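Engineer: Next up, query38.txt (compact mmCIF, C-alpha atoms).
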# COMPACT_ATOMS: atom_id res chain seq x y z
CA MET O 1 115.64 123.80 79.14
CA GLY O 2 118.05 125.73 81.35
CA GLY O 3 118.75 122.56 83.36
CA ARG O 4 119.66 120.56 80.25
CA SER O 5 121.91 123.37 79.02
CA SER O 6 123.66 123.54 82.41
CA LYS O 7 124.29 119.77 82.38
CA ALA O 8 125.72 119.94 78.86
CA THR O 9 128.02 122.78 79.93
CA ASP O 10 129.19 120.79 82.96
CA ALA O 11 129.86 117.71 80.78
CA ALA O 12 132.06 119.79 78.47
CA LYS O 13 134.25 120.69 81.44
CA VAL O 14 135.02 117.06 82.31
CA ILE O 15 138.50 115.87 81.33
CA ASP O 16 138.11 112.37 79.90
CA GLY O 17 141.21 110.62 81.24
CA LYS O 18 140.21 107.33 79.60
CA SER O 19 140.15 108.75 76.06
CA ILE O 20 143.33 110.82 76.53
CA ALA O 21 145.14 107.77 77.95
CA ALA O 22 143.84 105.60 75.09
CA ALA O 23 145.16 108.12 72.54
CA ILE O 24 148.58 108.14 74.23
CA ARG O 25 148.67 104.33 74.34
CA GLY O 26 147.83 104.29 70.62
CA GLU O 27 150.76 106.64 69.94
CA ILE O 28 153.04 104.39 72.03
CA THR O 29 151.93 101.26 70.11
CA THR O 30 152.83 102.99 66.83
CA GLU O 31 156.26 104.03 68.16
CA VAL O 32 156.98 100.53 69.53
CA SER O 33 156.27 99.12 66.04
CA ALA O 34 158.65 101.68 64.52
CA LEU O 35 161.36 100.75 67.04
CA LYS O 36 160.93 97.07 66.19
CA ALA O 37 161.09 97.78 62.45
CA LYS O 38 164.30 99.81 62.81
CA TYR O 39 166.24 97.81 65.42
CA GLY O 40 164.47 94.44 65.65
CA LYS O 41 163.92 95.05 69.37
CA VAL O 42 160.97 96.10 71.53
CA PRO O 43 160.78 97.65 75.01
CA GLY O 44 160.67 95.35 78.03
CA LEU O 45 159.13 96.14 81.44
CA ALA O 46 159.78 94.10 84.59
CA VAL O 47 157.31 94.22 87.47
CA VAL O 48 158.31 92.86 90.88
CA ILE O 49 155.53 92.24 93.39
CA VAL O 50 156.07 91.09 96.97
CA GLY O 51 153.12 89.74 98.95
CA ALA O 52 149.51 89.07 98.04
CA ARG O 53 147.74 92.44 98.32
CA PRO O 54 144.62 92.24 96.10
CA ASP O 55 144.87 95.91 95.02
CA SER O 56 148.52 95.51 93.98
CA ALA O 57 147.75 92.27 92.13
CA THR O 58 144.90 93.93 90.19
CA TYR O 59 147.11 96.89 89.26
CA VAL O 60 149.91 94.57 88.10
CA ARG O 61 147.45 92.61 85.91
CA MET O 62 146.34 95.89 84.31
CA LYS O 63 149.97 96.82 83.64
CA ARG O 64 150.71 93.48 81.98
CA LYS O 65 147.59 93.76 79.79
CA ALA O 66 148.58 97.31 78.78
CA CYS O 67 152.10 96.11 77.89
CA ASP O 68 150.71 93.31 75.72
CA GLU O 69 148.43 95.72 73.85
CA ALA O 70 151.31 98.14 73.19
CA GLY O 71 153.74 95.44 72.04
CA ILE O 72 155.95 95.83 75.14
CA VAL O 73 157.43 92.62 76.58
CA SER O 74 156.33 92.09 80.16
CA PHE O 75 158.57 90.38 82.74
CA HIS O 76 156.95 89.39 86.00
CA LYS O 77 158.35 88.20 89.32
CA GLU O 78 156.09 87.49 92.26
CA LEU O 79 157.40 86.74 95.76
CA PRO O 80 155.59 85.86 99.00
CA ASP O 81 155.50 88.48 101.75
CA THR O 82 157.86 86.20 103.71
CA ALA O 83 160.62 86.85 101.12
CA THR O 84 163.77 88.52 102.39
CA GLU O 85 165.02 91.93 101.33
CA ALA O 86 168.13 90.19 99.93
CA GLU O 87 165.92 88.08 97.63
CA VAL O 88 164.20 91.19 96.27
CA LEU O 89 167.55 92.95 95.76
CA LYS O 90 168.85 89.88 93.88
CA ILE O 91 165.87 89.96 91.48
CA VAL O 92 166.33 93.72 90.92
CA SER O 93 170.02 93.08 90.18
CA GLU O 94 169.13 90.38 87.63
CA PHE O 95 166.73 92.72 85.82
CA ASN O 96 169.35 95.49 85.92
CA ALA O 97 171.68 93.14 84.00
CA ASN O 98 169.00 91.91 81.55
CA ALA O 99 169.54 93.68 78.21
CA ASP O 100 165.95 92.95 77.10
CA CYS O 101 164.52 94.72 80.14
CA HIS O 102 164.38 98.53 79.84
CA GLY O 103 162.24 99.36 82.85
CA ILE O 104 161.92 97.97 86.37
CA LEU O 105 159.00 98.62 88.66
CA VAL O 106 158.85 97.35 92.24
CA GLN O 107 155.21 97.47 93.35
CA LEU O 108 154.78 99.51 96.53
CA PRO O 109 154.18 99.23 99.40
CA LEU O 110 156.72 96.56 100.30
CA PRO O 111 156.31 94.43 103.45
CA LYS O 112 157.31 96.28 106.63
CA HIS O 113 160.48 94.22 107.18
CA MET O 114 162.00 95.63 103.97
CA ASN O 115 163.82 98.93 103.50
CA GLU O 116 161.83 100.53 100.68
CA GLU O 117 164.43 103.24 100.11
CA LYS O 118 167.24 100.69 99.75
CA VAL O 119 165.24 98.57 97.27
CA LEU O 120 164.26 101.55 95.11
CA ALA O 121 167.83 102.88 95.11
CA ALA O 122 169.04 99.47 93.84
CA ILE O 123 167.11 99.91 90.57
CA SER O 124 169.39 101.07 87.75
CA LEU O 125 168.89 104.80 87.18
CA GLU O 126 168.46 104.10 83.45
CA LYS O 127 165.62 101.66 84.17
CA ASP O 128 163.81 103.58 86.93
CA VAL O 129 160.56 103.99 84.95
CA ASP O 130 158.60 104.68 88.14
CA GLY O 131 160.76 107.79 88.60
CA PHE O 132 161.41 107.31 92.32
CA HIS O 133 165.20 106.82 92.28
CA PRO O 134 166.76 109.54 94.52
CA LEU O 135 168.78 110.86 91.57
CA ASN O 136 165.70 111.20 89.37
CA ILE O 137 163.78 113.01 92.13
CA GLY O 138 166.86 115.14 92.83
CA LYS O 139 167.14 116.23 89.19
CA LEU O 140 163.40 116.93 89.11
CA SER O 141 163.92 119.42 91.95
CA MET O 142 166.85 121.25 90.32
CA LYS O 143 166.51 124.08 87.84
CA GLY O 144 168.33 123.36 84.58
CA HIS O 145 168.39 119.60 85.19
CA GLU O 146 166.05 117.01 83.72
CA PRO O 147 165.40 113.58 85.27
CA LEU O 148 165.51 110.52 83.02
CA PHE O 149 162.00 109.69 84.27
CA MET O 150 159.23 111.42 86.19
CA PRO O 151 156.81 109.59 88.52
CA CYS O 152 153.84 108.30 86.53
CA THR O 153 150.80 109.63 88.42
CA PRO O 154 151.92 113.27 88.79
CA LYS O 155 153.29 113.21 85.22
CA GLY O 156 149.84 112.02 84.12
CA CYS O 157 148.23 114.97 85.95
CA VAL O 158 150.41 117.49 84.09
CA VAL O 159 149.85 115.79 80.72
CA LEU O 160 146.07 115.84 81.34
CA LEU O 161 146.22 119.59 81.93
CA GLU O 162 148.36 120.19 78.83
CA ARG O 163 146.27 117.98 76.52
CA SER O 164 143.12 119.69 77.78
CA GLY O 165 144.45 123.08 76.72
CA VAL O 166 145.11 124.44 80.23
CA ALA O 167 147.89 127.07 80.17
CA LEU O 168 150.43 126.49 82.96
CA ALA O 169 153.13 129.17 82.77
CA GLY O 170 152.59 131.99 85.25
CA LYS O 171 149.51 130.36 86.85
CA ASN O 172 148.92 129.92 90.57
CA ALA O 173 148.86 126.19 91.28
CA VAL O 174 147.98 124.52 94.57
CA VAL O 175 148.86 120.88 95.29
CA VAL O 176 146.85 119.42 98.18
CA GLY O 177 148.98 116.69 99.77
CA ARG O 178 152.73 116.23 100.08
CA SER O 179 153.30 112.50 99.56
CA ASN O 180 156.49 111.30 97.90
CA ILE O 181 154.43 109.46 95.28
CA VAL O 182 152.14 112.28 94.08
CA GLY O 183 152.09 115.57 95.99
CA MET O 184 155.75 116.54 96.13
CA PRO O 185 156.71 115.44 92.58
CA ALA O 186 153.55 117.11 91.21
CA ALA O 187 154.60 120.39 92.85
CA LEU O 188 158.11 120.09 91.39
CA MET O 189 156.75 119.34 87.89
CA LEU O 190 154.42 122.35 88.01
CA MET O 191 157.36 124.55 89.01
CA LYS O 192 159.27 123.25 85.98
CA LYS O 193 156.26 124.39 83.92
CA ASP O 194 156.68 127.92 85.41
CA CYS O 195 153.68 127.77 87.73
CA THR O 196 153.76 129.55 91.09
CA VAL O 197 153.21 126.60 93.42
CA THR O 198 151.84 126.25 96.95
CA VAL O 199 151.64 122.89 98.74
CA VAL O 200 148.75 122.48 101.18
CA HIS O 201 149.14 119.79 103.85
CA SER O 202 147.77 118.68 107.22
CA ARG O 203 149.48 121.53 109.11
CA THR O 204 148.49 124.28 106.65
CA ALA O 205 146.54 127.18 108.12
CA ASP O 206 143.48 128.15 106.03
CA PRO O 207 143.72 125.57 103.22
CA GLU O 208 140.38 126.79 101.83
CA GLY O 209 141.66 130.36 101.49
CA ILE O 210 144.82 129.17 99.70
CA CYS O 211 142.91 126.91 97.30
CA LYS O 212 140.43 129.69 96.54
CA LYS O 213 143.25 131.72 94.92
CA ALA O 214 144.42 128.85 92.68
CA ASP O 215 144.11 128.73 88.90
CA ILE O 216 145.01 125.02 89.08
CA ILE O 217 144.36 122.56 91.90
CA ILE O 218 145.82 119.05 92.10
CA ALA O 219 144.06 117.23 94.94
CA ALA O 220 146.08 114.30 96.30
CA ALA O 221 145.28 114.21 100.01
CA GLY O 222 143.42 110.89 100.24
CA SER O 223 140.41 112.51 101.94
CA ALA O 224 136.98 112.02 100.35
CA HIS O 225 135.29 115.24 99.14
CA MET O 226 137.76 117.44 101.03
CA ILE O 227 137.76 120.04 98.24
CA LYS O 228 134.37 121.77 98.36
CA ARG O 229 132.81 124.19 95.90
CA SER O 230 133.63 127.07 98.29
CA TRP O 231 137.35 126.18 97.97
CA VAL O 232 137.46 126.64 94.19
CA LYS O 233 137.35 129.93 92.32
CA LYS O 234 135.33 130.20 89.14
CA GLY O 235 137.33 129.06 86.11
CA ALA O 236 139.94 127.00 87.99
CA ALA O 237 141.18 123.67 86.56
CA VAL O 238 140.91 120.80 89.05
CA ILE O 239 142.74 117.46 88.87
CA ASP O 240 141.50 114.88 91.38
CA VAL O 241 144.01 112.14 92.24
CA GLY O 242 142.03 110.78 95.20
CA THR O 243 140.57 107.27 95.20
CA ASN O 244 138.56 106.81 98.37
CA SER O 245 136.08 104.04 99.17
CA VAL O 246 132.82 105.34 100.64
CA PRO O 247 129.80 103.25 101.70
CA ASP O 248 127.09 102.93 99.04
CA ALA O 249 124.20 100.53 99.63
CA THR O 250 123.20 100.71 95.93
CA LYS O 251 126.46 99.03 94.87
CA LYS O 252 126.95 95.27 94.90
CA SER O 253 130.27 95.71 96.70
CA GLY O 254 128.66 97.99 99.31
CA TYR O 255 130.95 100.89 98.45
CA ARG O 256 131.92 103.19 95.59
CA LEU O 257 135.07 105.03 94.63
CA THR O 258 135.12 108.78 95.00
CA GLY O 259 137.77 111.46 94.79
CA ASP O 260 139.16 114.15 97.07
CA VAL O 261 136.94 116.69 95.27
CA ASP O 262 133.19 117.16 95.74
CA PHE O 263 132.73 116.63 91.99
CA ASP O 264 128.99 117.32 91.66
CA GLU O 265 129.39 120.77 93.21
CA VAL O 266 132.88 121.75 92.01
CA VAL O 267 132.01 120.97 88.37
CA LYS O 268 129.65 123.96 88.52
CA VAL O 269 132.51 126.44 89.01
CA ALA O 270 135.61 124.73 87.53
CA SER O 271 136.67 125.30 83.92
CA LYS O 272 138.09 121.77 83.73
CA ILE O 273 137.82 118.85 86.15
CA THR O 274 138.70 115.15 86.22
CA PRO O 275 136.18 112.54 87.40
CA VAL O 276 136.89 109.62 89.74
CA PRO O 277 137.08 107.00 88.35
CA GLY O 278 138.05 107.71 84.73
CA GLY O 279 140.33 110.70 85.23
CA VAL O 280 143.89 110.35 86.52
CA GLY O 281 143.84 106.55 86.97
CA PRO O 282 144.12 105.53 83.29
CA MET O 283 146.94 108.06 82.83
CA THR O 284 149.20 106.40 85.39
CA ILE O 285 149.62 103.24 83.30
CA ALA O 286 149.87 105.28 80.06
CA MET O 287 152.78 107.26 81.59
CA LEU O 288 154.46 104.04 82.73
CA LEU O 289 154.37 102.74 79.15
CA SER O 290 155.64 106.11 77.91
CA ASN O 291 158.57 106.03 80.35
CA THR O 292 159.38 102.44 79.32
CA LEU O 293 159.39 103.43 75.65
CA ASP O 294 161.69 106.40 76.38
CA SER O 295 164.07 104.09 78.25
CA ALA O 296 164.09 101.53 75.43
CA ARG O 297 164.83 104.24 72.86
CA ARG O 298 167.84 105.43 74.87
CA ILE O 299 169.23 101.96 75.64
CA ILE O 300 168.61 100.40 72.20
CA ALA O 301 170.07 103.40 70.34
CA LYS O 302 173.26 103.12 72.45
CA ASP O 303 173.76 99.39 71.69
Kindly transcribe the structure held in the file into structure tokens.
Structural biologist:
Amino acid sequence: MGGRSSKATDAAKVIDGKSIAAAIRGEITTEVSALKAKYGKVPGLAVVIVGARPDSATYVRMKRKACDEAGIVSFHKELPDTATEAEVLKIVSEFNANADCHGILVQLPLPKHMNEEKVLAAISLEKDVDGFHPLNIGKLSMKGHEPLFMPCTPKGCVVLLERSGVALAGKNAVVVGRSNIVGMPAALMLMKKDCTVTVVHSRTADPEGICKKADIIIAAAGSAHMIKRSWVKKGAAVIDVGTNSVPDATKKSGYRLTGDVDFDEVVKVASKITPVPGGVGPMTIAMLLSNTLDSARRIIAKD
């Protein structure tokens, strides 16, 4: 009896990223319809992919499907990994000038012979729905300034916390990982929400001791099961961004996806926790659609 009760309690702590993302996508679909009814226009999202990485191709397919379901027009340009940087910049320039395109996403990583920073900086600030333009990141880091867009994965983490009823202001938050894509923007977003933020990274002394004091942990280190039960204080909220492949002979593929958090143990002490898969992942695409809708509203209203 006690075991069943404990499992039910643990299940209630799990943040269902799929259902929260589905609700957000439903809201976006409704707003896209309203935009079309008022202006006769719908948002448009351009995705540029260079090279034939299977993971990138899968992600791009998911984005196009999500656009179709929300009523967002999807533009797609695929180039071989032998393409030149100039060719990619030309395509970005064409989408910048396309009035029906309100968001541009260049799928990362780019081939090594391309300057990623230069390509991202070429995207129009008003269409930078991935949120990585230096001016958007710069405004994110400044008090009293708001970026036009925030990067999708860390934005999804914060929205998951808010929609799950986790109070942010005044809380101690620890971000594990300092990547440009997740860790650093997540830390900046939490500061904008009035959290007291610490970033734990590979050179941090006593990461366990720092995490143990956190009310909120965002784990984005890319290290399977790094965050143990002993790292998490009772009642902390834990968002797991990690997607790591670990061997699993019971799976047809021979591996399974797991997060940076030892879920089965940490769920016993956390107040809220995201699973992997089914936690942060679905939110990334939902936030991309949300950013595209915001961009379309701004651009269409100005025309």
Engineer: Quick one: residues within 7 Å of stretch 217-220 of chain O, only C-alpha atoms counted, chain neighbours fewer than 2 positions away excluded, as a list in words?
Structural biologist: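 Residues meeting the cut-off are Ala173, Val174, Val175, Val176, Gly177, Val182, Gly183, Ala214, Asp215, Gly222, Ala237, Val238, Ile239, Asp240, Val241, Gly242 and Asp260 of chain O.
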Engineer: What does the distance between atom CA of O:Phe263 and atom CA of O:Glu162 come to in Å, to one decimal place?
Structural biologist: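 Pair atom CA of O:Phe263 / atom CA of O:Glu162 returns 20.7 Å.
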Engineer: For O:Ala21, work out the shell of residues within 7 Å, counting only C-alpha atoms and skipping chain neighbours fewer than 2 positions away, then give it as a VMD selection string.
Structural biologist: chain O and resid 17 to 19 23 to 25 282 to 283 286
Engineer: Restricting the calculation to all atoms listed in the file: of O:Glu208, O:Asp130, O:Glu116, O:Asp100, which residue gets closest to O:Ile299?
Structural biologist: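 With all atoms listed in the file as the atom set, the closest residue is O:Asp100.
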Engineer: What is the distance between atom CA of O:Leu35 and atom CA of O:Ile20, in Å to one decimal?
Structural biologist: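 Interatomic distance here is 22.7 Å.
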Engineer: Up to 12 Å from (142.6, 124.4, 86.4) in the file's coordinates: name the residues, counting only C-alpha atoms, as a ChimeraX atom specification.
Structural biologist: /O:13-15,157-158,160-162,164-168,171-175,195,211-219,232-240,266-267,269-274
Engineer: For a quick check of understanding, using all atoms listed in the file, which of O:Leu45, O:Leu257, O:Met191, O:Met114 has the smallest distance to O:Ala99?
Structural biologist: O:Leu45
Engineer: Could you state the separation of atom CA of O:Pro185 and atom CA of O:Pro109 in Å, given to one decimal place?
Structural biologist: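 Atom CA of O:Pro185 sits 17.8 Å away from atom CA of O:Pro109.
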Engineer: Using all atoms listed in the file, pick whichever of O:Ile123, O:Val246, O:Val159, O:Leu110 has the shortest atom-to-atom distance to O:Pro80.
Structural biologist: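 Closest to O:Pro80 of all the choices is O:Leu110.
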Engineer: Give me, as an MDAnalysis selection string, all polymer residues having an atom no more than 12 Å from O:Asp68, counting all atoms listed in the file and skipping those fewer than 3 positions away in the same chain.
Structural biologist: chainID O and resid 25 28:29 32 42:45 61:65 71:75 289
Engineer: For each of O:Ser56, O:Thr243, O:Thr196, O:Asn115, take the minimum atom-to-atom distance to O:Glu85, counting only C-alpha atoms, then give the residue where this is smallest.
Structural biologist: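 Residue with the minimum atom-to-atom distance to O:Glu85: O:Asn115.
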Engineer: Could you name the residues that touch O:Val106 at 7 Å or less, counting all atoms listed in the file, but leaving out those on the same chain fewer than 2 positions away, as a list in words?
Structural biologist: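 Skipping anything fewer than 2 positions along the chain leaves Val47, Val48, Ile49, Ile104 and Leu108 of chain O.
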Engineer: Mind giving me the axis-aligned box for stretch 14-27 of chain O with 6 Å on every side, centre plus edges in Å to one decimal, as JSON?
Structural biologist:
{"center_x": 142.9, "center_y": 110.7, "center_z": 76.1, "size_x": 27.7, "size_y": 24.8, "size_z": 24.4}
